[in-house]
$ cat data.cif   # mmCIF, C-alpha atoms
data_start
loop_
_atom_site.label_atom_id
_atom_site.label_comp_id
_atom_site.auth_asym_id
_atom_site.auth_seq_id
_atom_site.Cartn_x
_atom_site.Cartn_y
_atom_site.Cartn_z
CA MET A 1 14.66 -11.21 26.98
CA GLN A 2 15.85 -10.30 23.50
CA PRO A 3 19.07 -8.32 22.96
CA THR A 4 18.64 -4.59 22.54
CA LYS A 5 19.70 -4.69 18.92
CA GLN A 6 17.18 -7.42 18.16
CA SER A 7 14.38 -5.40 19.68
CA ASN A 8 15.24 -2.38 17.58
CA ARG A 9 15.19 -4.32 14.33
CA ILE A 10 13.03 -7.39 13.78
CA LEU A 11 14.44 -9.55 11.00
CA ALA A 12 10.98 -10.96 10.32
CA LEU A 13 9.75 -7.47 9.37
CA ASP A 14 12.46 -7.21 6.70
CA ILE A 15 11.54 -10.69 5.46
CA LEU A 16 7.85 -9.80 5.27
CA ARG A 17 8.78 -6.70 3.27
CA GLY A 18 11.02 -8.80 1.03
CA ILE A 19 8.28 -11.40 0.45
CA THR A 20 5.89 -8.58 -0.43
CA ILE A 21 8.30 -6.99 -2.92
CA ALA A 22 9.12 -10.37 -4.47
CA GLY A 23 5.38 -10.99 -4.79
CA MET A 24 4.97 -7.59 -6.45
CA ILE A 25 7.63 -8.44 -9.02
CA LEU A 26 5.98 -11.81 -9.69
CA VAL A 27 2.44 -10.50 -10.18
CA ASN A 28 3.68 -7.62 -12.37
CA ASN A 29 5.56 -10.08 -14.59
CA PRO A 30 3.32 -13.18 -14.85
CA GLY A 31 4.62 -14.16 -18.29
CA SER A 32 1.75 -13.98 -20.75
CA TRP A 33 -0.93 -11.50 -19.71
CA GLY A 34 -3.40 -13.54 -21.76
CA ASN A 35 -2.83 -16.69 -19.70
CA ILE A 36 -2.43 -15.82 -16.02
CA TYR A 37 -2.73 -18.32 -13.20
CA ALA A 38 -5.75 -17.35 -11.11
CA PRO A 39 -3.74 -16.61 -7.92
CA LEU A 40 -1.56 -14.17 -9.92
CA ALA A 41 -4.54 -12.09 -11.07
CA HIS A 42 -6.41 -9.41 -9.17
CA ALA A 43 -10.05 -9.94 -8.31
CA SER A 44 -12.04 -8.41 -11.15
CA TRP A 45 -14.15 -6.41 -8.68
CA ASN A 46 -15.36 -7.70 -5.30
CA GLY A 47 -13.30 -10.46 -3.71
CA LEU A 48 -9.74 -11.20 -2.68
CA THR A 49 -6.90 -13.12 -4.32
CA PRO A 50 -3.29 -13.65 -3.16
CA THR A 51 -2.26 -10.90 -5.61
CA ASP A 52 -4.57 -8.45 -3.87
CA LEU A 53 -2.53 -8.88 -0.68
CA VAL A 54 0.73 -7.46 -2.06
CA PHE A 55 -0.04 -3.73 -2.00
CA PRO A 56 -1.93 -3.68 1.35
CA PHE A 57 0.78 -5.76 3.02
CA PHE A 58 3.37 -3.22 1.92
CA MET A 59 1.28 -0.36 3.31
CA PHE A 60 0.82 -2.19 6.61
CA ILE A 61 4.60 -2.66 6.81
CA MET A 62 5.06 1.02 5.98
CA GLY A 63 2.94 1.91 9.01
CA ILE A 64 5.19 -0.20 11.26
CA SER A 65 8.33 1.24 9.65
CA THR A 66 6.98 4.78 10.16
CA TYR A 67 6.63 4.10 13.88
CA ILE A 68 10.18 2.70 14.10
CA SER A 69 11.58 5.67 12.16
CA LEU A 70 9.75 8.42 14.06
CA ARG A 71 10.44 6.83 17.42
CA LYS A 72 14.06 7.93 17.01
CA SER A 73 12.88 11.54 17.32
CA ASP A 74 10.47 10.63 20.15
CA PHE A 75 7.58 11.68 17.87
CA THR A 76 8.40 15.31 18.63
CA PRO A 77 7.69 17.67 15.72
CA SER A 78 10.50 19.92 14.56
CA GLY A 79 11.36 21.82 11.43
CA GLN A 80 13.99 19.27 10.51
CA LEU A 81 11.63 16.33 10.99
CA VAL A 82 8.79 17.98 9.06
CA TRP A 83 11.15 18.74 6.17
CA LYS A 84 12.40 15.15 6.23
CA ILE A 85 8.83 13.86 5.90
CA VAL A 86 7.98 16.34 3.12
CA ARG A 87 11.21 15.59 1.25
CA ARG A 88 10.62 11.83 1.44
CA THR A 89 7.04 12.33 0.23
CA ILE A 90 8.18 14.41 -2.74
CA VAL A 91 10.86 11.87 -3.68
CA ILE A 92 8.47 8.90 -3.59
CA PHE A 93 5.77 10.81 -5.49
CA ALA A 94 8.28 11.98 -8.11
CA ILE A 95 9.57 8.43 -8.57
CA GLY A 96 6.00 7.33 -9.20
CA LEU A 97 5.45 10.02 -11.83
CA ALA A 98 8.77 9.16 -13.47
CA ILE A 99 7.86 5.47 -13.67
CA ALA A 100 4.44 6.34 -15.14
CA TRP A 101 6.06 8.64 -17.73
CA PHE A 102 8.73 6.09 -18.68
CA GLY A 103 6.16 3.31 -19.07
CA LYS A 104 3.99 5.50 -21.30
CA PHE A 105 7.07 6.57 -23.28
CA CYS A 106 8.04 2.94 -23.98
CA ARG A 107 4.50 1.90 -24.91
CA THR A 108 4.04 4.85 -27.25
CA LEU A 109 7.39 4.23 -28.92
CA ALA A 110 6.66 0.52 -29.33
CA ASN A 111 3.13 1.08 -30.70
CA PRO A 112 2.96 4.65 -32.02
CA PRO A 113 -0.39 6.04 -33.19
CA GLU A 114 -0.85 6.58 -36.92
CA GLU A 115 -0.01 10.28 -36.86
CA VAL A 116 3.27 9.51 -35.07
CA ALA A 117 4.23 6.32 -36.95
CA SER A 118 4.73 8.24 -40.20
CA LEU A 119 7.35 10.54 -38.63
CA SER A 120 11.09 9.96 -38.48
CA LEU A 121 12.54 8.10 -35.48
CA GLY A 122 13.74 11.32 -33.84
CA TRP A 123 10.30 12.91 -34.02
CA GLN A 124 8.71 9.69 -32.79
CA ILE A 125 10.94 9.79 -29.72
CA LEU A 126 10.04 13.43 -29.08
CA ALA A 127 6.34 12.71 -29.55
CA ALA A 128 6.53 9.74 -27.16
CA ALA A 129 8.39 11.82 -24.59
CA ASN A 130 5.86 14.64 -24.75
CA SER A 131 3.04 12.74 -23.05
CA PHE A 132 2.48 14.95 -20.03
CA ASP A 133 -1.03 15.89 -21.15
CA THR A 134 -2.12 12.26 -20.74
CA LEU A 135 0.18 11.24 -17.86
CA ARG A 136 -1.49 9.35 -15.04
CA ILE A 137 -1.00 11.41 -11.89
CA LEU A 138 -1.91 8.93 -9.19
CA GLY A 139 -0.73 5.34 -8.86
CA VAL A 140 1.00 2.97 -6.48
CA MET A 141 4.01 5.14 -5.62
CA PRO A 142 2.02 8.40 -5.33
CA ARG A 143 -0.41 6.60 -3.00
CA LEU A 144 2.48 5.37 -0.87
CA ALA A 145 3.84 8.92 -0.74
CA LEU A 146 0.53 10.54 0.25
CA CYS A 147 -0.32 7.89 2.85
CA TYR A 148 3.16 8.03 4.39
CA CYS A 149 2.98 11.83 4.61
CA ALA A 150 -0.48 11.85 6.22
CA ALA A 151 0.34 9.04 8.66
CA ALA A 152 3.68 10.60 9.65
CA PHE A 153 2.10 13.99 10.34
CA VAL A 154 -0.67 12.37 12.40
CA ALA A 155 1.99 10.46 14.35
CA ILE A 156 3.92 13.58 15.33
CA PHE A 157 1.08 16.07 15.77
CA VAL A 158 -1.68 13.92 17.35
CA LYS A 159 -1.56 12.12 20.68
CA HIS A 160 -1.25 8.43 19.90
CA ARG A 161 -4.25 7.45 22.04
CA PHE A 162 -6.47 9.33 19.56
CA ILE A 163 -5.15 7.55 16.44
CA PRO A 164 -7.51 4.52 16.74
CA TRP A 165 -10.42 6.97 16.83
CA ILE A 166 -9.10 8.68 13.69
CA ILE A 167 -8.90 5.30 11.96
CA ALA A 168 -12.44 4.42 13.02
CA LEU A 169 -13.76 7.83 11.90
CA ILE A 170 -12.12 7.50 8.47
CA LEU A 171 -13.44 3.98 7.88
CA VAL A 172 -16.97 4.75 9.09
CA ALA A 173 -17.15 7.98 7.05
CA TYR A 174 -15.79 6.21 3.96
CA SER A 175 -18.34 3.40 4.41
CA ALA A 176 -21.12 6.00 4.41
CA ILE A 177 -19.68 7.66 1.30
CA LEU A 178 -19.58 4.33 -0.54
CA ILE A 179 -23.14 3.42 0.42
CA LEU A 180 -24.65 6.82 -0.35
CA GLY A 181 -22.61 7.44 -3.49
CA ASN A 182 -22.96 4.05 -5.23
CA GLY A 183 -19.30 3.44 -4.47
CA TYR A 184 -19.59 -0.31 -4.97
CA GLU A 185 -20.78 0.16 -8.54
CA PHE A 186 -18.20 -0.07 -11.34
CA SER A 187 -19.27 2.93 -13.38
CA GLU A 188 -18.37 6.53 -14.02
CA GLN A 189 -21.46 7.48 -12.00
CA SER A 190 -20.02 6.14 -8.74
CA ILE A 191 -18.76 8.68 -6.23
CA ILE A 192 -15.21 7.31 -6.59
CA ALA A 193 -15.07 7.91 -10.34
CA ARG A 194 -16.93 11.23 -10.23
CA VAL A 195 -14.49 12.79 -7.77
CA ASP A 196 -11.47 11.62 -9.78
CA LEU A 197 -12.96 12.82 -13.07
CA ALA A 198 -13.76 16.22 -11.56
CA VAL A 199 -10.32 16.73 -10.01
CA LEU A 200 -7.90 14.78 -12.21
CA GLY A 201 -9.70 14.63 -15.54
CA ASP A 202 -10.19 11.64 -17.83
CA SER A 203 -6.77 11.93 -19.50
CA HIS A 204 -4.87 11.71 -16.20
CA MET A 205 -6.68 8.64 -14.86
CA TYR A 206 -6.25 4.90 -15.16
CA HIS A 207 -8.79 3.23 -17.46
CA ASP A 208 -9.98 -0.07 -16.05
CA SER A 209 -11.93 -2.82 -17.79
CA ILE A 210 -14.37 -5.33 -16.29
CA ASP A 211 -16.43 -7.77 -18.41
CA GLY A 212 -15.51 -5.85 -21.55
CA VAL A 213 -16.63 -2.48 -20.16
CA ARG A 214 -13.75 0.02 -20.12
CA ILE A 215 -14.10 3.31 -18.24
CA ALA A 216 -11.96 5.92 -16.52
CA PHE A 217 -11.67 4.40 -13.06
CA ASP A 218 -8.54 4.81 -10.96
CA PRO A 219 -7.91 2.13 -8.30
CA GLU A 220 -5.51 4.56 -6.60
CA GLY A 221 -7.82 7.53 -6.85
CA ILE A 222 -8.43 10.46 -4.52
CA LEU A 223 -11.29 9.23 -2.31
CA SER A 224 -9.90 5.73 -1.92
CA THR A 225 -6.68 7.23 -0.58
CA LEU A 226 -8.56 8.07 2.65
CA PRO A 227 -9.00 4.44 3.78
CA ALA A 228 -5.46 3.77 2.57
CA ILE A 229 -4.25 6.38 5.09
CA ALA A 230 -6.24 4.53 7.77
CA HIS A 231 -4.51 1.37 6.55
CA VAL A 232 -1.04 2.80 7.24
CA LEU A 233 -2.22 4.17 10.59
CA LEU A 234 -3.42 0.69 11.53
CA GLY A 235 0.09 -0.60 10.88
CA PHE A 236 1.39 2.24 13.03
CA CYS A 237 -0.98 1.35 15.88
CA VAL A 238 0.04 -2.30 15.72
CA ALA A 239 3.67 -1.18 16.05
CA THR A 240 2.90 0.99 19.10
CA PHE A 241 1.99 -1.99 21.25
CA VAL A 242 4.20 -4.59 19.55
CA MET A 243 7.48 -2.64 19.58
CA THR A 244 7.02 -1.51 23.17
CA VAL A 245 7.83 -5.04 24.36
CA LYS A 246 11.21 -6.69 23.84
CA ASP A 247 10.12 -10.29 24.29
CA ASN A 248 9.27 -11.85 20.92
CA HIS A 249 6.84 -14.30 22.54
CA GLN A 250 4.75 -11.36 23.76
CA ARG A 251 5.07 -9.75 20.33
CA ILE A 252 3.66 -12.72 18.44
CA GLU A 253 0.90 -13.16 21.01
CA ARG A 254 -0.24 -9.59 20.49
CA LEU A 255 0.13 -9.84 16.70
CA PHE A 256 -1.94 -13.04 16.55
CA ILE A 257 -4.68 -11.48 18.68
CA VAL A 258 -4.82 -8.34 16.53
CA GLY A 259 -4.66 -10.41 13.36
CA ALA A 260 -7.55 -12.63 14.43
CA ILE A 261 -9.75 -9.68 15.47
CA LEU A 262 -9.14 -7.66 12.29
CA THR A 263 -9.47 -10.61 9.91
CA PHE A 264 -12.67 -11.85 11.57
CA ALA A 265 -14.16 -8.32 11.61
CA GLY A 266 -13.28 -7.77 7.95
CA PHE A 267 -14.85 -11.01 6.72
CA LEU A 268 -17.90 -10.59 8.95
CA LEU A 269 -18.59 -7.04 7.78
CA SER A 270 -18.00 -8.03 4.15
CA TYR A 271 -21.60 -9.31 4.01
CA GLY A 272 -22.71 -5.69 3.97
CA LEU A 273 -19.52 -3.98 2.77
CA PRO A 274 -17.83 -6.24 0.20
CA ILE A 275 -14.06 -6.66 0.20
CA ASN A 276 -12.85 -4.67 -2.79
CA LYS A 277 -9.28 -3.62 -3.52
CA LYS A 278 -10.10 -1.23 -6.38
CA ILE A 279 -12.07 1.06 -4.08
CA TRP A 280 -10.01 0.09 -1.00
CA SER A 281 -13.15 -0.75 0.93
CA PRO A 282 -13.10 -0.63 4.76
CA THR A 283 -13.41 -4.43 4.93
CA PHE A 284 -10.41 -4.70 2.59
CA VAL A 285 -8.44 -2.60 5.08
CA LEU A 286 -9.45 -4.73 8.08
CA THR A 287 -8.98 -8.11 6.41
CA THR A 288 -5.61 -7.44 4.80
CA CYS A 289 -4.21 -5.76 7.92
CA GLY A 290 -5.36 -8.76 9.93
CA LEU A 291 -3.71 -11.22 7.54
CA ALA A 292 -0.50 -9.16 7.48
CA SER A 293 -0.39 -9.07 11.27
CA THR A 294 -0.87 -12.84 11.44
CA LEU A 295 1.83 -13.52 8.86
CA LEU A 296 4.26 -11.21 10.67
CA ALA A 297 3.61 -13.11 13.92
CA LEU A 298 4.28 -16.41 12.15
CA LEU A 299 7.53 -15.10 10.65
CA ILE A 300 8.74 -13.79 14.03
CA TRP A 301 8.12 -17.25 15.49
CA ILE A 302 9.95 -19.02 12.64
CA ILE A 303 12.85 -16.59 12.23
CA ASP A 304 13.42 -14.64 15.43
CA ILE A 305 12.37 -17.31 17.94
CA ARG A 306 13.08 -20.65 16.26
CA GLY A 307 16.12 -19.25 14.46
CA HIS A 308 15.33 -20.72 11.01
CA LYS A 309 16.98 -17.98 8.94
CA GLU A 310 18.74 -19.80 6.10
CA TRP A 311 15.67 -20.01 3.85
CA CYS A 312 14.95 -16.27 4.00
CA ARG A 313 18.24 -14.78 2.74
CA PHE A 314 16.72 -14.31 -0.69
CA PHE A 315 13.80 -12.28 0.70
CA GLU A 316 16.07 -10.35 3.06
CA SER A 317 17.95 -8.94 0.05
CA PHE A 318 14.66 -7.44 -1.19
CA GLY A 319 13.38 -6.19 2.15
CA ILE A 320 16.41 -4.84 3.99
CA ASN A 321 15.91 -1.27 2.70
CA PRO A 322 12.56 0.27 3.74
CA LEU A 323 12.61 2.88 0.93
#

$ encode --input "data.cif" --output "structure tokens"
Amino acid sequence: MQPTKQSNRILALDILRGITIAGMILVNNPGSWGNIYAPLAHASWNGLTPTDLVFPFFMFIMGISTYISLRKSDFTPSGQLVWKIVRRTIVIFAIGLAIAWFGKFCRTLANPPEEVASLSLGWQILAAANSFDTLRILGVMPRLALCYCAAAFVAIFVKHRFIPWIIALILVAYSAILILGNGYEFSEQSIIARVDLAVLGDSHMYHDSIDGVRIAFDPEGILSTLPAIAHVLLGFCVATFVMTVKDNHQRIERLFIVGAILTFAGFLLSYGLPINKKIWSPTFVLTTCGLASTLLALLIWIIDIRGHKEWCRFFESFGINPL
């Protein structure tokens, strides 16, 4: 039997978060963008690389962390709890917008367009700062904010036995949308791009390029946020039956079983529904959640059971703070 404190906080979960954040820093700073090692690059369209695991792993961890956080209030809705969720959502979303604005500001200042380059430095700074008409609205942080908000509200307003059905409904409905709306096609005519163009507009979207073709296509768009919500809820469901036991041997047994089922299901279904991060396909959700569950089980065995903690101090410094 593990001590009470150990059961409330699993060190391996912090380490998994730290590994994920360290991986994010690595893949966002690969050195020369013109010469990237294959494992440090995203799959161009269908497929899966180690880099493609970073974002979904973090969202899976966020689902587990959401369970741990809301359990303190016994999942009982209250004005204070609702405001806490909304406030956290706004903060994360605002941080995402601020990062997007600052990145665009630096790029514009470093490579100003012709009409701006001829101005004085002060006017160039003002012109670079005034980029709100072309600011990308959605992105990694906004997606995290929206998925956390949706998952947290489901967790406190819906009976937990219904959550797996909600996940299944989202993934099945999204699969139908992709099939009927040419969602697996990289073009502005796909349902994914058409919804984003209609709601966000071309100037507020990410412009992706595949095989020399560059179009307005946002990998963190509106429709693909739906399966991402199911992704976080899957992490939440895993936590509901992993955190309810205090024995780490039982925890890793359950995590390995869930990991094997999800990973196998994801790869099996990928013959009809390809694994694709940029549209967050249902098989991408299943496969990455399965791999994250398996890795968490392995880390619990290494760190919390075997006690090999010296090697992970570096990653603990990155993962100790959930926010």

$ residues_around --input "data.cif" --residues "A:Phe264" --least-positions-apart "6" --cutoff "9 Å" --atoms "all atoms listed in the file" --output "compact mmCIF listing (two decimals) with C-alpha atoms, in the coordinates of the input"
# COMPACT_ATOMS: atom_id res chain seq x y z
CA LEU A 286 -9.45 -4.73 8.08
CA THR A 287 -8.98 -8.11 6.41
CA GLY A 290 -5.36 -8.76 9.93

$ atom_distance --input "data.cif" --atom1 "atom CA of A:Ser317" --atom2 "atom CA of A:Ala98"
24.4 Å

$ closest_atom_pairs --input "data.cif" --of "stretch 96-206 of chain A" --to "stretch 77-91 of chain A" --cutoff "7 Å" --atoms "all atoms listed in the file" --output "tab-separated table"
residue	atom	partner	partner_atom	distance
A:Ala145	CA	A:Thr89	CA	4.8
A:Leu146	CA	A:Thr89	CA	6.8
A:Cys149	CA	A:Thr89	CA	6.0
A:Ile156	CA	A:Pro77	CA	5.6
A:Phe157	CA	A:Pro77	CA	6.8

$ closest_residue --input "data.cif" --among "A:Ala297, A:Asp211, A:His231, A:Pro282" --to "A:Ile257" --atoms "all atoms listed in the file"
A:Ala297

$ resolve_selection --input "data.cif" --expression "the PyMOL selection byres ((chain A and resi 144) around 12)" --output "VMD selection string"
chain A and resid 55 to 63 66 88 to 96 138 to 143 145 to 152 220 225 to 226 228 to 229 231 to 232 323

$ write_last_selection --input "data.cif" --atoms "C-alpha atoms" --output "tab-separated table (two decimals), in the coordinates of the input"
chain	number	residue	atom	x	y	z
A	55	PHE	CA	-0.04	-3.73	-2.00
A	56	PRO	CA	-1.93	-3.68	1.35
A	57	PHE	CA	0.78	-5.76	3.02
A	58	PHE	CA	3.37	-3.22	1.92
A	59	MET	CA	1.28	-0.36	3.31
A	60	PHE	CA	0.82	-2.19	6.61
A	61	ILE	CA	4.60	-2.66	6.81
A	62	MET	CA	5.06	1.02	5.98
A	63	GLY	CA	2.94	1.91	9.01
A	66	THR	CA	6.98	4.78	10.16
A	88	ARG	CA	10.62	11.83	1.44
A	89	THR	CA	7.04	12.33	0.23
A	90	ILE	CA	8.18	14.41	-2.74
A	91	VAL	CA	10.86	11.87	-3.68
A	92	ILE	CA	8.47	8.90	-3.59
A	93	PHE	CA	5.77	10.81	-5.49
A	94	ALA	CA	8.28	11.98	-8.11
A	95	ILE	CA	9.57	8.43	-8.57
A	96	GLY	CA	6.00	7.33	-9.20
A	138	LEU	CA	-1.91	8.93	-9.19
A	139	GLY	CA	-0.73	5.34	-8.86
A	140	VAL	CA	1.00	2.97	-6.48
A	141	MET	CA	4.01	5.14	-5.62
A	142	PRO	CA	2.02	8.40	-5.33
A	143	ARG	CA	-0.41	6.60	-3.00
A	145	ALA	CA	3.84	8.92	-0.74
A	146	LEU	CA	0.53	10.54	0.25
A	147	CYS	CA	-0.32	7.89	2.85
A	148	TYR	CA	3.16	8.03	4.39
A	149	CYS	CA	2.98	11.83	4.61
A	150	ALA	CA	-0.48	11.85	6.22
A	151	ALA	CA	0.34	9.04	8.66
A	152	ALA	CA	3.68	10.60	9.65
A	220	GLU	CA	-5.51	4.56	-6.60
A	225	THR	CA	-6.68	7.23	-0.58
A	226	LEU	CA	-8.56	8.07	2.65
A	228	ALA	CA	-5.46	3.77	2.57
A	229	ILE	CA	-4.25	6.38	5.09
A	231	HIS	CA	-4.51	1.37	6.55
A	232	VAL	CA	-1.04	2.80	7.24
A	323	LEU	CA	12.61	2.88	0.93

$ residues_around --input "data.cif" --residues "A:Lys104" --least-positions-apart "4" --cutoff "9 Å" --atoms "only C-alpha atoms" --output "list in words"
Ile99, Ala100, Thr108, Leu109, Ala128, Ala129, Ser131 and Leu135 of chain A

$ closest_residue --input "data.cif" --among "A:Leu269, A:Pro112, A:Gly201, A:Asn28" --to "A:Asp52" --atoms "only C-alpha atoms"
A:Asn28
